[in-house]
file protein.cif (mmCIF, C-alpha atoms)
data_work
#
loop_
_atom_site.label_atom_id
_atom_site.label_comp_id
_atom_site.auth_asym_id
_atom_site.auth_seq_id
_atom_site.Cartn_x
_atom_site.Cartn_y
_atom_site.Cartn_z
CA MET A 1 187.86 -34.73 -133.58
CA THR A 2 185.41 -36.09 -131.04
CA THR A 3 182.91 -38.81 -131.85
CA GLN A 4 179.99 -36.37 -131.51
CA LEU A 5 181.60 -33.90 -133.88
CA PHE A 6 182.36 -36.67 -136.37
CA PHE A 7 178.70 -37.79 -136.44
CA TYR A 8 177.51 -34.17 -136.67
CA ILE A 9 179.72 -33.48 -139.70
CA PHE A 10 178.85 -36.87 -141.21
CA PHE A 11 175.12 -36.10 -140.90
CA LEU A 12 175.48 -32.63 -142.43
CA THR A 13 177.66 -33.95 -145.25
CA ALA A 14 175.06 -36.61 -146.07
CA SER A 15 172.32 -33.95 -145.90
CA PHE A 16 174.24 -31.55 -148.14
CA SER A 17 174.87 -34.28 -150.73
CA SER A 18 171.28 -35.54 -150.59
CA ILE A 19 169.77 -32.06 -151.01
CA LEU A 20 172.05 -31.32 -153.94
CA ILE A 21 171.32 -34.64 -155.67
CA PHE A 22 167.61 -34.21 -155.01
CA SER A 23 167.69 -30.70 -156.53
CA ILE A 24 169.45 -31.86 -159.68
CA TYR A 25 167.14 -34.86 -160.02
CA LEU A 26 164.03 -32.67 -159.87
CA LEU A 27 165.50 -30.18 -162.32
CA ARG A 28 166.07 -32.94 -164.86
CA THR A 29 162.74 -34.70 -164.28
CA GLY A 30 159.65 -33.78 -166.26
CA PRO A 31 159.06 -30.62 -168.30
CA SER A 32 161.21 -27.55 -167.65
CA THR A 33 159.32 -24.69 -166.04
CA TRP A 34 160.27 -21.39 -164.44
CA LEU A 35 158.84 -22.65 -161.14
CA LYS A 36 161.20 -25.64 -161.18
CA TYR A 37 164.19 -23.34 -161.66
CA VAL A 38 163.12 -21.24 -158.66
CA PHE A 39 162.73 -24.41 -156.62
CA PHE A 40 166.16 -25.60 -157.74
CA VAL A 41 167.81 -22.34 -156.65
CA LYS A 42 165.93 -22.48 -153.32
CA THR A 43 167.06 -26.00 -152.48
CA VAL A 44 170.65 -25.29 -153.60
CA SER A 45 170.76 -22.22 -151.34
CA LEU A 46 169.54 -24.37 -148.43
CA SER A 47 172.23 -26.94 -149.22
CA ILE A 48 174.84 -24.15 -149.07
CA CYS A 49 173.57 -23.26 -145.57
CA VAL A 50 174.24 -26.86 -144.57
CA LEU A 51 177.69 -26.74 -146.18
CA THR A 52 178.66 -23.56 -144.29
CA ALA A 53 177.75 -25.30 -141.01
CA ILE A 54 180.32 -27.96 -141.87
CA LEU A 55 182.91 -25.31 -142.74
CA ILE A 56 182.28 -23.58 -139.41
CA GLN A 57 183.06 -26.75 -137.47
CA VAL A 58 186.27 -27.46 -139.40
CA SER A 59 187.54 -23.87 -139.08
CA SER A 60 190.82 -23.45 -137.24
CA ASN A 61 190.28 -20.00 -135.71
CA GLN A 62 187.59 -17.55 -134.63
CA GLN A 63 188.03 -15.30 -137.69
CA MET A 64 187.13 -18.15 -140.05
CA VAL A 65 184.23 -19.16 -137.80
CA MET A 66 182.78 -15.65 -138.01
CA PHE A 67 183.36 -15.48 -141.78
CA TRP A 68 181.48 -18.72 -142.50
CA TYR A 69 178.81 -17.82 -139.96
CA LYS A 70 178.12 -14.57 -141.83
CA ILE A 71 177.99 -16.51 -145.13
CA MET A 72 175.45 -18.89 -143.57
CA LEU A 73 173.26 -16.03 -142.32
CA GLY A 74 173.45 -14.27 -145.68
CA ILE A 75 172.46 -17.39 -147.62
CA PHE A 76 169.71 -18.00 -145.07
CA LEU A 77 168.26 -14.55 -145.77
CA ILE A 78 168.34 -15.15 -149.54
CA SER A 79 166.69 -18.55 -148.99
CA ALA A 80 163.89 -16.85 -147.04
CA ALA A 81 163.27 -14.52 -150.00
CA LEU A 82 163.25 -17.54 -152.30
CA PHE A 83 160.59 -19.11 -150.03
CA VAL A 84 158.35 -16.10 -150.71
CA HIS A 85 159.10 -16.22 -154.44
CA PHE A 86 158.54 -19.96 -154.80
CA TYR A 87 155.27 -20.23 -152.88
CA SER A 88 153.90 -17.11 -154.56
CA GLU A 89 154.62 -18.64 -157.97
CA LEU A 90 153.26 -22.04 -156.91
CA VAL A 91 149.99 -20.92 -155.33
CA ILE A 92 149.06 -17.37 -156.37
CA ARG A 93 150.40 -17.85 -159.93
CA ARG A 94 150.88 -14.14 -160.52
CA LYS A 95 154.01 -12.22 -161.32
CA LEU A 96 153.95 -9.91 -158.22
CA LEU A 97 157.18 -8.39 -159.53
CA LEU A 98 157.17 -5.35 -157.23
CA PHE A 99 156.41 -7.40 -154.12
CA LYS A 100 159.08 -10.01 -154.84
CA GLY A 101 161.53 -7.28 -155.81
CA VAL A 102 161.08 -5.58 -152.42
CA VAL A 103 161.57 -8.90 -150.59
CA TYR A 104 164.75 -9.68 -152.52
CA ALA A 105 166.04 -6.13 -152.00
CA ALA A 106 165.50 -6.45 -148.23
CA ALA A 107 167.29 -9.80 -148.21
CA PHE A 108 170.31 -8.45 -150.09
CA VAL A 109 170.49 -5.28 -147.97
CA LEU A 110 170.42 -7.30 -144.75
CA SER A 111 173.01 -9.68 -146.22
CA GLY A 112 175.23 -6.75 -147.16
CA PHE A 113 175.13 -5.34 -143.65
CA LEU A 114 176.41 -8.66 -142.33
CA PHE A 115 179.85 -7.88 -143.80
CA HIS A 116 179.84 -4.20 -142.83
CA ILE A 117 179.14 -4.89 -139.17
CA GLU A 118 181.92 -6.64 -137.30
CA ASN A 119 179.58 -8.70 -135.12
CA PRO A 120 175.99 -8.05 -136.34
CA LEU A 121 174.29 -10.37 -133.82
CA ASN A 122 176.80 -9.67 -131.04
CA SER A 123 177.63 -13.39 -131.15
CA SER A 124 180.04 -15.17 -128.86
CA TYR A 125 181.77 -18.34 -129.91
CA PHE A 126 183.83 -20.91 -128.10
CA ARG A 127 184.79 -24.57 -128.31
CA HIS A 128 182.90 -27.16 -126.32
CA ASN A 129 183.55 -30.91 -126.68
CA GLY A 130 185.28 -30.24 -130.00
CA PHE A 131 182.37 -28.11 -131.39
CA TRP A 132 182.39 -24.45 -132.25
CA ILE A 133 179.40 -23.06 -130.32
CA LEU A 134 177.87 -19.75 -131.42
CA ARG A 135 175.46 -17.77 -129.27
CA GLU A 136 173.63 -14.61 -130.31
CA SER A 137 172.97 -12.08 -127.58
CA ASN A 138 169.75 -10.92 -129.31
CA ASP A 139 170.25 -7.33 -128.14
CA THR A 140 171.28 -5.64 -131.41
CA LEU A 141 169.18 -3.59 -133.82
CA TYR A 142 170.33 -5.82 -136.66
CA PHE A 143 168.99 -8.88 -134.84
CA ILE A 144 165.51 -7.28 -134.68
CA PHE A 145 165.49 -6.64 -138.44
CA PHE A 146 166.94 -10.10 -139.11
CA ILE A 147 164.27 -11.95 -137.11
CA ALA A 148 161.49 -9.67 -138.39
CA PHE A 149 162.45 -10.42 -141.99
CA LEU A 150 162.62 -14.19 -141.40
CA LEU A 151 159.34 -14.11 -139.48
CA PHE A 152 157.63 -12.24 -142.33
CA CYS A 153 158.93 -14.64 -145.01
CA VAL A 154 157.99 -17.78 -143.12
CA THR A 155 154.59 -16.44 -141.99
CA TYR A 156 153.77 -15.32 -145.53
CA SER A 157 154.79 -18.71 -146.96
CA ILE A 158 152.69 -20.62 -144.41
CA ALA A 159 149.71 -18.31 -145.02
CA VAL A 160 149.98 -18.91 -148.76
CA LEU A 161 150.14 -22.68 -148.20
CA VAL A 162 147.07 -22.55 -145.93
CA TYR A 163 145.26 -20.55 -148.63
CA TRP A 164 146.31 -23.21 -151.15
CA ASP A 165 144.94 -25.95 -148.91
CA PHE A 166 141.54 -24.25 -148.55
CA HIS A 167 141.08 -23.26 -152.19
CA THR A 168 142.47 -26.11 -154.26
CA LYS A 169 140.19 -28.98 -155.29
CA ASN A 170 143.17 -31.22 -155.99
CA ASN A 171 143.79 -33.68 -153.14
CA LYS A 172 147.48 -34.03 -154.02
CA GLU A 173 147.89 -30.27 -153.60
CA LYS A 174 145.95 -30.28 -150.32
CA TYR A 175 148.16 -33.00 -148.85
CA SER A 176 151.28 -31.24 -150.12
CA ALA A 177 150.20 -27.87 -148.66
CA ARG A 178 149.54 -29.40 -145.24
CA LEU A 179 152.78 -31.35 -145.13
CA ILE A 180 154.97 -28.44 -146.28
CA SER A 181 153.28 -25.81 -144.07
CA PHE A 182 153.59 -28.08 -141.03
CA SER A 183 157.25 -28.84 -141.75
CA MET A 184 157.95 -25.13 -142.29
CA PHE A 185 156.29 -24.27 -138.96
CA ILE A 186 158.41 -26.88 -137.18
CA PHE A 187 161.45 -25.66 -139.14
CA PHE A 188 161.16 -22.02 -138.03
CA SER A 189 159.85 -22.60 -134.49
CA SER A 190 162.73 -25.04 -133.83
CA ILE A 191 165.32 -22.54 -134.98
CA LEU A 192 163.65 -19.76 -132.98
CA THR A 193 163.48 -21.89 -129.84
CA LEU A 194 166.85 -23.63 -129.94
CA ASP A 195 169.11 -21.07 -131.62
CA VAL A 196 167.54 -17.79 -130.59
CA ILE A 197 165.97 -18.43 -127.17
CA MET A 198 167.47 -21.47 -125.45
CA GLY A 199 170.98 -21.16 -126.91
CA PRO A 200 171.81 -17.65 -125.67
CA SER A 201 170.30 -18.42 -122.27
CA GLY A 202 172.81 -21.22 -121.76
CA ILE A 203 170.13 -23.88 -121.31
CA ILE A 204 171.61 -25.94 -124.14
CA THR A 205 175.10 -26.14 -125.57
CA VAL A 206 174.90 -27.36 -129.15
CA PRO A 207 176.26 -26.13 -132.48
CA HIS A 208 174.03 -24.03 -134.72
CA PHE A 209 170.80 -25.98 -135.04
CA ALA A 210 169.49 -24.44 -138.29
CA PRO A 211 171.33 -26.81 -140.70
CA ILE A 212 169.78 -29.87 -139.04
CA VAL A 213 166.27 -28.39 -139.25
CA ILE A 214 166.88 -27.33 -142.87
CA SER A 215 167.75 -30.94 -143.70
CA CYS A 216 164.49 -32.17 -142.14
CA TYR A 217 162.48 -29.52 -144.01
CA VAL A 218 164.01 -30.53 -147.36
CA LEU A 219 163.28 -34.20 -146.58
CA ALA A 220 159.62 -33.25 -146.06
CA LEU A 221 159.67 -31.40 -149.39
CA CYS A 222 161.24 -34.42 -151.04
CA TYR A 223 158.55 -36.71 -149.65
CA ALA A 224 155.75 -34.36 -150.78
CA LEU A 225 157.19 -34.08 -154.28
CA LEU A 226 157.77 -37.77 -154.78
CA LYS A 227 154.43 -38.85 -153.28
CA TYR A 228 152.10 -36.10 -154.50
CA HIS A 229 153.93 -34.67 -157.55
CA PHE A 230 152.67 -31.17 -156.78
CA LEU A 231 155.50 -29.54 -158.74
CA PHE A 232 155.28 -31.73 -161.81
CA PHE A 233 152.80 -34.38 -162.83
CA ASN A 234 153.43 -36.10 -166.15
CA LEU A 235 150.28 -37.99 -167.16
CA LYS A 236 152.04 -39.42 -170.20
CA ASP A 237 154.27 -41.60 -168.03
CA TYR A 238 151.23 -43.25 -166.46
CA PHE A 239 149.26 -44.06 -169.59
CA TYR A 240 151.56 -44.54 -172.56
CA GLU A 241 152.64 -48.10 -171.85
CA ILE A 242 149.03 -49.22 -171.32
CA ILE A 243 147.30 -47.51 -174.24
CA ASN A 244 149.98 -48.53 -176.74
CA ASN A 245 148.76 -52.13 -176.49
CA ILE A 246 145.29 -51.18 -177.72
CA ASN A 247 144.66 -51.44 -181.46
CA ASP A 248 141.84 -48.89 -181.54
CA LEU A 249 142.54 -45.16 -181.48
CA VAL A 250 143.29 -44.12 -177.89
CA ILE A 251 143.67 -40.49 -176.88
CA PHE A 252 144.12 -39.05 -173.41
CA VAL A 253 143.32 -35.39 -172.74
CA ASN A 254 143.92 -33.34 -169.59
CA PRO A 255 141.23 -31.43 -167.63
CA GLN A 256 141.77 -28.44 -169.98
CA GLY A 257 140.85 -30.55 -173.03
CA LYS A 258 144.43 -30.70 -174.39
CA ILE A 259 145.92 -33.92 -175.74
CA VAL A 260 148.45 -35.41 -173.32
CA THR A 261 149.29 -38.57 -175.20
CA LEU A 262 147.91 -40.99 -177.77
CA ASN A 263 148.80 -44.51 -178.83
CA ASP A 264 150.79 -45.48 -181.91
CA PRO A 265 147.78 -46.25 -184.17
CA ALA A 266 146.33 -42.80 -183.46
CA GLN A 267 149.73 -41.18 -183.92
CA ALA A 268 150.14 -42.88 -187.31
CA MET A 269 146.61 -41.90 -188.35
CA PHE A 270 147.19 -38.19 -187.75
CA SER A 271 150.91 -37.93 -188.55
CA GLN A 272 150.35 -36.88 -192.17
CA LYS A 273 148.43 -33.78 -191.09
CA TYR A 274 149.93 -32.96 -187.70
CA SER A 275 153.63 -33.20 -186.91
CA ASP A 276 152.99 -32.94 -183.17
CA LEU A 277 149.63 -33.55 -181.52
CA GLU A 278 150.62 -33.19 -177.89
CA ASN A 279 149.31 -29.99 -176.24
CA ARG A 280 146.77 -29.50 -179.05
CA TYR A 281 143.14 -29.25 -178.07
CA LEU A 282 141.04 -32.30 -178.93
CA THR A 283 138.68 -29.99 -180.81
CA ASP A 284 141.57 -29.22 -183.24
CA ILE A 285 141.43 -32.74 -184.69
CA VAL A 286 137.69 -33.39 -184.41
CA VAL A 287 135.00 -32.17 -186.79
CA SER A 288 132.96 -30.64 -184.00
CA SER A 289 129.21 -30.79 -183.91
CA ASN A 290 127.06 -29.07 -181.31
CA ALA A 291 126.24 -32.46 -179.77
CA PHE A 292 129.94 -33.35 -179.44
CA LEU A 293 130.90 -29.99 -177.90
CA GLU A 294 128.01 -30.06 -175.45
CA GLU A 295 128.78 -33.56 -174.17
CA PHE A 296 132.54 -33.06 -174.09
CA ASN A 297 132.42 -29.71 -172.25
CA THR A 298 129.94 -31.15 -169.76
CA LEU A 299 132.33 -34.01 -169.05
CA LEU A 300 135.23 -31.58 -168.49
CA LYS A 301 133.22 -29.45 -166.07
CA SER A 302 131.46 -32.30 -164.23
CA PRO A 303 133.67 -35.38 -164.53
CA GLU A 304 132.34 -37.29 -161.52
CA ASN A 305 131.65 -40.91 -162.48
CA ARG A 306 130.71 -40.05 -166.04
CA SER A 307 131.23 -41.97 -169.24
CA TYR A 308 129.34 -42.07 -172.52
CA HIS A 309 129.47 -43.21 -176.14
CA GLN A 310 129.35 -40.78 -179.04
CA ARG A 311 129.98 -40.69 -182.77
CA LEU A 312 133.29 -39.00 -183.39
CA PHE A 313 134.50 -37.61 -186.71
CA PHE A 314 138.26 -37.06 -186.97
CA SER A 315 139.76 -34.62 -189.44
CA LEU A 316 142.60 -36.30 -191.36
CA SER A 317 144.91 -35.07 -194.11
CA GLY A 318 143.49 -33.76 -197.38
CA ASN A 319 140.15 -32.87 -195.74
CA GLU A 320 139.47 -36.59 -195.26
CA ILE A 321 137.17 -37.43 -192.37
CA MET A 322 137.20 -40.66 -190.37
CA ASP A 323 133.94 -41.88 -188.85
CA THR A 324 134.40 -43.59 -185.48
CA ASN A 325 132.37 -44.77 -182.53
CA GLY A 326 133.97 -43.10 -179.51
CA TYR A 327 133.93 -44.03 -175.83
CA PHE A 328 134.62 -41.18 -173.38
CA SER A 329 135.46 -41.82 -169.73
CA SER A 330 136.65 -39.65 -166.84
CA VAL A 331 139.92 -40.78 -165.23
CA PHE A 332 140.80 -40.22 -161.56
CA ASP A 333 144.07 -40.94 -159.78
CA VAL A 334 144.58 -42.75 -156.46
CA HIS A 335 144.00 -39.49 -154.58
CA GLY A 336 140.57 -39.03 -156.17
CA ASP A 337 141.66 -36.12 -158.38
CA PHE A 338 140.28 -35.74 -161.90
CA VAL A 339 143.30 -36.06 -164.19
CA GLY A 340 141.72 -36.23 -167.64
CA ILE A 341 139.48 -38.02 -170.13
CA LEU A 342 140.30 -41.29 -171.84
CA ILE A 343 138.89 -41.61 -175.36
CA ILE A 344 138.82 -44.93 -177.22
CA ALA A 345 137.59 -44.61 -180.81
CA LYS A 346 136.85 -47.53 -183.11
CA GLU A 347 136.58 -46.87 -186.84
CA ASN A 348 133.14 -47.46 -188.30
CA ARG A 349 133.79 -50.10 -191.00
CA ASN A 350 130.23 -49.89 -192.39
CA ILE A 351 131.32 -46.77 -194.20
CA GLU A 352 133.03 -48.86 -196.89
CA GLN A 353 129.80 -50.74 -197.55
CA PHE A 354 127.95 -47.41 -197.83
CA LEU A 355 130.56 -46.15 -200.32
CA ASN A 356 130.42 -49.29 -202.47
CA ASP A 357 126.63 -49.63 -202.53
CA TYR A 358 126.11 -46.09 -203.84
CA SER A 359 129.40 -45.59 -205.73
CA LEU A 360 130.25 -42.46 -203.78
CA SER A 361 133.61 -40.71 -203.98
CA GLN A 362 135.61 -39.72 -200.90
CA ARG A 363 134.66 -36.09 -201.47
CA GLN A 364 130.97 -36.99 -201.62
CA LEU A 365 131.31 -39.08 -198.46
CA GLU A 366 132.92 -36.12 -196.78
CA LEU A 367 129.94 -33.93 -197.66
CA CYS A 368 127.55 -36.61 -196.36
CA MET A 369 129.30 -36.59 -193.00
CA LEU A 370 129.24 -32.81 -192.78
CA VAL A 371 125.53 -32.85 -193.58
CA GLN A 372 125.04 -35.42 -190.82
CA LEU A 373 126.82 -33.08 -188.39
CA GLY A 374 124.18 -30.45 -189.12
CA LEU A 375 126.37 -28.02 -191.09
CA THR A 376 124.63 -25.72 -193.54
CA ASN A 377 125.69 -25.42 -197.17
CA ASN A 378 127.51 -22.18 -196.36
CA ASP A 379 129.31 -23.86 -193.43
CA ILE A 380 130.38 -26.76 -195.65
CA ALA A 381 131.64 -24.42 -198.36
CA GLU A 382 133.69 -22.45 -195.82
CA LYS A 383 135.07 -25.58 -194.16
CA LEU A 384 136.14 -27.25 -197.43
CA GLY A 385 137.26 -24.04 -199.13
CA ILE A 386 134.91 -24.42 -202.10
CA THR A 387 132.07 -22.31 -203.47
CA LEU A 388 128.45 -22.59 -202.40
CA ARG A 389 127.48 -23.58 -205.95
CA THR A 390 129.99 -26.47 -205.84
CA VAL A 391 128.49 -27.69 -202.57
CA GLU A 392 124.99 -27.60 -204.05
CA SER A 393 126.18 -29.47 -207.13
CA HIS A 394 127.83 -32.19 -205.00
CA LEU A 395 124.71 -32.60 -202.87
CA LEU A 396 122.49 -32.90 -205.94
CA ASN A 397 124.71 -35.71 -207.28
CA ILE A 398 124.63 -37.44 -203.89
CA TYR A 399 120.84 -37.22 -203.69
CA ASN A 400 120.60 -38.81 -207.15
CA LYS A 401 122.96 -41.65 -206.26
CA VAL A 402 121.26 -42.59 -202.98
CA SER A 403 117.71 -41.80 -204.21
CA ALA A 404 117.10 -39.15 -201.58
CA ASN A 405 115.10 -35.95 -201.97
CA ASN A 406 116.56 -33.95 -199.08
CA ARG A 407 118.99 -33.91 -196.15
CA ILE A 408 116.69 -35.80 -193.79
CA GLU A 409 116.30 -38.72 -196.19
CA LEU A 410 120.07 -38.77 -196.79
CA ILE A 411 120.74 -38.90 -193.04
CA ASN A 412 118.21 -41.71 -192.56
CA ILE A 413 119.92 -43.77 -195.30
CA MET A 414 123.31 -43.20 -193.62
CA ARG A 415 121.91 -44.34 -190.29
CA GLN A 416 120.89 -47.64 -191.86
CA TYR A 417 124.62 -48.24 -192.40
CA SER A 418 125.51 -46.88 -188.94
CA VAL A 419 127.52 -44.21 -190.75
#

call {"tool": "encode", "arguments": {"input": "protein.cif", "output": "structure tokens"}}
result
Amino acid sequence: MTTQLFFYIFFLTASFSSILIFSIYLLRTGPSTWLKYVFFVKTVSLSICVLTAILIQVSSNQQMVMFWYKIMLGIFLISAALFVHFYSELVIRRKLLLFKGVVYAAAFVLSGFLFHIENPLNSSYFRHNGFWILRESNDTLYFIFFIAFLLFCVTYSIAVLVYWDFHTKNNKEKYSARLISFSMFIFFSSILTLDVIMGPSGIITVPHFAPIVISCYVLALCYALLKYHFLFFNLKDYFYEIINNINDLVIFVNPQGKIVTLNDPAQAMFSQKYSDLENRYLTDIVVSSNAFLEEFNTLLKSPENRSYHQRLFFSLSGNEIMDTNGYFSSVFDVHGDFVGILIIAKENRNIEQFLNDYSLSQRQLELCMLVQLGLTNNDIAEKLGITLRTVESHLLNIYNKVSANNRIELINIMRQYSV
């Protein structure tokens, strides 16, 4: 084995191992999604292409060279179909079952023909400085279909990535789209130039170049994933350690208004009513008033440099309501992307003084808060699961205790306690 061949095999072995480890790492990192499984299969298929290049160079005769070469081309065709599948799922986010089915069918048909045609690309192979050199003559009908299929898959994938770049508002996704589309363009144009044009002309004498370019493409993917997290982005990892050191209730919601994580005091507060709060909408645990919904939805739609304070009533177990003073703030990452809303809520302790001064029960306090939110008697009855007459009876008792004649006077008295 020559020194050049040793370094070539060493490089491909390192690339094969790295791609495989990288694929397994990504599969086990973050939440499991269908898109991650497609990505895993895609990277594994590319690693097999690299492996077959090694097996070609260690083959002892021409028959084994041709066998592994056909395996490489077949896996390469399947990988091209997986490119179309993956980027369609990532960007377009539609099933496109018929379209993807046709692409896979074409890939498998072309792969099948590889083993029914003795020399599908009319390739010649010989040893040079210890390497097995393969050259395609590019004059067969199969070669035309082969290149046309690869050209379609790569062009489609790049077009989808360019579309992604122009239409996404997420900077991480923009950077990822540009990096991956550029690396894919270099990936295919290098193979086309070195393996399909310059190789058969005799200008260069090198082993099959595709595995080296595949390795560089996967390295670009690896960089994009690790730097920009376009395939998975777990907000919980970023915030949990920080918010758990805050004694007030801290909740973080994503741009869709769903709870991503919350600190231990908040978890303990809601654990009696909700076994799992993550992925619930914030509105599921808040007694929503029109004022709350209006401010919160405005913040979700227009998060730029916005923060505000608002009274926040949490729904606890047994229809109990907690009165808090809430602070809402938009959160952006280092790329300038809106990643969610941080909510810090501090319980209003004046409520105990209000209860003691007027000898109110928890049920009566609950009605006071619902009145303050602007709910009608019918709304209160429906929310608490009691009759309208019971609501009216409770309110009459409350008015007597606090010396109020109507709702407005009751609300004014509550405001004196900051309740």

call {"tool": "resolve_selection", "arguments": {"input": "protein.cif", "expression": "the PyMOL selection byres ((chain A and resi 317) around 12)", "output": "list of chain:residue names"}}
result
A:Ala268, A:Met269, A:Phe270, A:Ser271, A:Gln272, A:Lys273, A:Tyr274, A:Ser275, A:Ile285, A:Phe314, A:Ser315, A:Leu316, A:Gly318, A:Asn319, A:Glu320, A:Ile321, A:Met322

call {"tool": "axis_aligned_box", "arguments": {"input": "protein.cif", "around": "region 14-20 of chain A", "padding_each_side": "8 Å", "output": "JSON"}}
result
{"center_x": 172.4, "center_y": -34.0, "center_z": -149.9, "size_x": 21.3, "size_y": 21.3, "size_z": 24.0}

call {"tool": "resolve_selection", "arguments": {"input": "protein.cif", "expression": "the PyMOL selection byres ((chain A and resi 343) around 9)", "output": "ChimeraX atom specification"}}
result
/A:249-253,326-329,341-342,344-345

call {"tool": "closest_atom_pairs", "arguments": {"input": "protein.cif", "of": "region 105-164 of chain A", "to": "region 64-80 of chain A", "cutoff": "8 Å", "atoms": "all atoms listed in the file", "output": "tab-separated table"}}
result
residue	atom	partner	partner_atom	distance
A:Ala107	CA	A:Leu77	CA	5.4
A:Phe108	CA	A:Ile78	CA	7.0
A:Leu110	CA	A:Leu77	CA	7.6
A:Ser111	CA	A:Gly74	CA	4.6
A:Gly112	CA	A:Gly74	CA	7.9
A:Leu114	CA	A:Lys70	CA	6.2
A:Phe115	CA	A:Lys70	CA	7.2
A:Trp132	CA	A:Val65	CA	7.9
A:Leu150	CA	A:Ala80	CA	6.4
A:Cys153	CA	A:Ala80	CA	5.8
A:Val154	CA	A:Ala80	CA	7.1

call {"tool": "resolve_selection", "arguments": {"input": "protein.cif", "expression": "the PyMOL selection byres ((chain A and resi 169-180) around 7)", "output": "JSON list (two decimals) with C-alpha atoms, in the coordinates of the input"}}
result
[["chain", "number", "residue", "atom", "x", "y", "z"],
["A", 161, "LEU", "CA", 150.14, -22.68, -148.20],
["A", 162, "VAL", "CA", 147.07, -22.55, -145.93],
["A", 164, "TRP", "CA", 146.31, -23.21, -151.15],
["A", 165, "ASP", "CA", 144.94, -25.95, -148.91],
["A", 167, "HIS", "CA", 141.08, -23.26, -152.19],
["A", 168, "THR", "CA", 142.47, -26.11, -154.26],
["A", 181, "SER", "CA", 153.28, -25.81, -144.07],
["A", 182, "PHE", "CA", 153.59, -28.08, -141.03],
["A", 183, "SER", "CA", 157.25, -28.84, -141.75],
["A", 184, "MET", "CA", 157.95, -25.13, -142.29],
["A", 220, "ALA", "CA", 159.62, -33.25, -146.06],
["A", 221, "LEU", "CA", 159.67, -31.40, -149.39],
["A", 224, "ALA", "CA", 155.75, -34.36, -150.78],
["A", 228, "TYR", "CA", 152.10, -36.10, -154.50],
["A", 230, "PHE", "CA", 152.67, -31.17, -156.78],
["A", 335, "HIS", "CA", 144.00, -39.49, -154.58],
["A", 336, "GLY", "CA", 140.57, -39.03, -156.17],
["A", 337, "ASP", "CA", 141.66, -36.12, -158.38]]

call {"tool": "atom_distance", "arguments": {"input": "protein.cif", "atom1": "CA of Glu347 (chain A)", "atom2": "CA of Tyr417 (chain A)"}}
result
13.3 Å

call {"tool": "closest_atom_pairs", "arguments": {"input": "protein.cif", "of": "region 248-301 of chain A", "to": "region 363-373 of chain A", "cutoff": "9 Å", "atoms": "all atoms listed in the file", "output": "CSV"}}
result
residue,atom,partner,partner_atom,distance
A:Val287,CA,A:Leu370,CA,8.3
A:Ser288,CA,A:Leu373,CA,7.9
A:Ser289,CA,A:Leu373,CA,5.6
A:Asn290,CA,A:Leu373,CA,8.1
A:Ala291,CA,A:Leu373,CA,8.7

call {"tool": "closest_residue", "arguments": {"input": "protein.cif", "among": "A:Phe145, A:Phe99, A:Phe131, A:Tyr217", "to": "Ser47 (chain A)", "atoms": "only C-alpha atoms"}}
result
A:Tyr217

call {"tool": "closest_residue", "arguments": {"input": "protein.cif", "among": "A:Val84, A:Ser45, A:Ile413, A:Phe143", "to": "Ile158 (chain A)", "atoms": "all atoms listed in the file"}}
result
A:Val84

call {"tool": "closest_residue", "arguments": {"input": "protein.cif", "among": "A:Gln256, A:Ala266, A:Phe187, A:Thr3", "to": "Ile243 (chain A)", "atoms": "only C-alpha atoms"}}
result
A:Ala266

call {"tool": "closest_residue", "arguments": {"input": "protein.cif", "among": "A:Phe209, A:Tyr25, A:Phe152, A:Phe16", "to": "Arg135 (chain A)", "atoms": "all atoms listed in the file"}}
result
A:Phe209

call {"tool": "closest_residue", "arguments": {"input": "protein.cif", "among": "A:Leu192, A:Leu293, A:Val38, A:Leu5", "to": "Gln310 (chain A)", "atoms": "only C-alpha atoms"}}
result
A:Leu293

call {"tool": "closest_residue", "arguments": {"input": "protein.cif", "among": "A:Ser23, A:Thr324, A:Thr33, A:Asn254", "to": "Glu89 (chain A)", "atoms": "all atoms listed in the file"}}
result
A:Thr33

call {"tool": "atom_distance", "arguments": {"input": "protein.cif", "atom1": "CA of Asn412 (chain A)", "atom2": "CA of Ser393 (chain A)"}}
result
20.6 Å

call {"tool": "atom_distance", "arguments": {"input": "protein.cif", "atom1": "CA of Leu395 (chain A)", "atom2": "CA of Glu294 (chain A)"}}
result
27.7 Å

call {"tool": "decode", "arguments": {"input": "protein.cif", "residues": "region 46-61 of chain A", "atoms": "C-alpha atoms", "output": "PDB file, in the first residue's frame"}}
result
ATOM      1  CA  LEU A  46     -23.947   9.068   2.768  1.00  0.00           C
ATOM      2  CA  SER A  47     -21.640   7.334   5.240  1.00  0.00           C
ATOM      3  CA  ILE A  48     -22.211   4.047   3.371  1.00  0.00           C
ATOM      4  CA  CYS A  49     -21.117   5.789   0.145  1.00  0.00           C
ATOM      5  CA  VAL A  50     -17.876   6.696   1.904  1.00  0.00           C
ATOM      6  CA  LEU A  51     -17.498   3.128   3.185  1.00  0.00           C
ATOM      7  CA  THR A  52     -17.915   1.640  -0.310  1.00  0.00           C
ATOM      8  CA  ALA A  53     -15.114   3.919  -1.563  1.00  0.00           C
ATOM      9  CA  ILE A  54     -12.844   2.302   1.015  1.00  0.00           C
ATOM     10  CA  LEU A  55     -13.983  -1.181  -0.016  1.00  0.00           C
ATOM     11  CA  ILE A  56     -13.263  -0.351  -3.660  1.00  0.00           C
ATOM     12  CA  GLN A  57      -9.661   0.551  -2.868  1.00  0.00           C
ATOM     13  CA  VAL A  58      -9.040  -2.597  -0.799  1.00  0.00           C
ATOM     14  CA  SER A  59     -10.605  -4.904  -3.420  1.00  0.00           C
ATOM     15  CA  SER A  60      -8.292  -7.533  -4.877  1.00  0.00           C
ATOM     16  CA  ASN A  61      -9.779  -7.847  -8.373  1.00  0.00           C
TER      17      ASN A  61
END
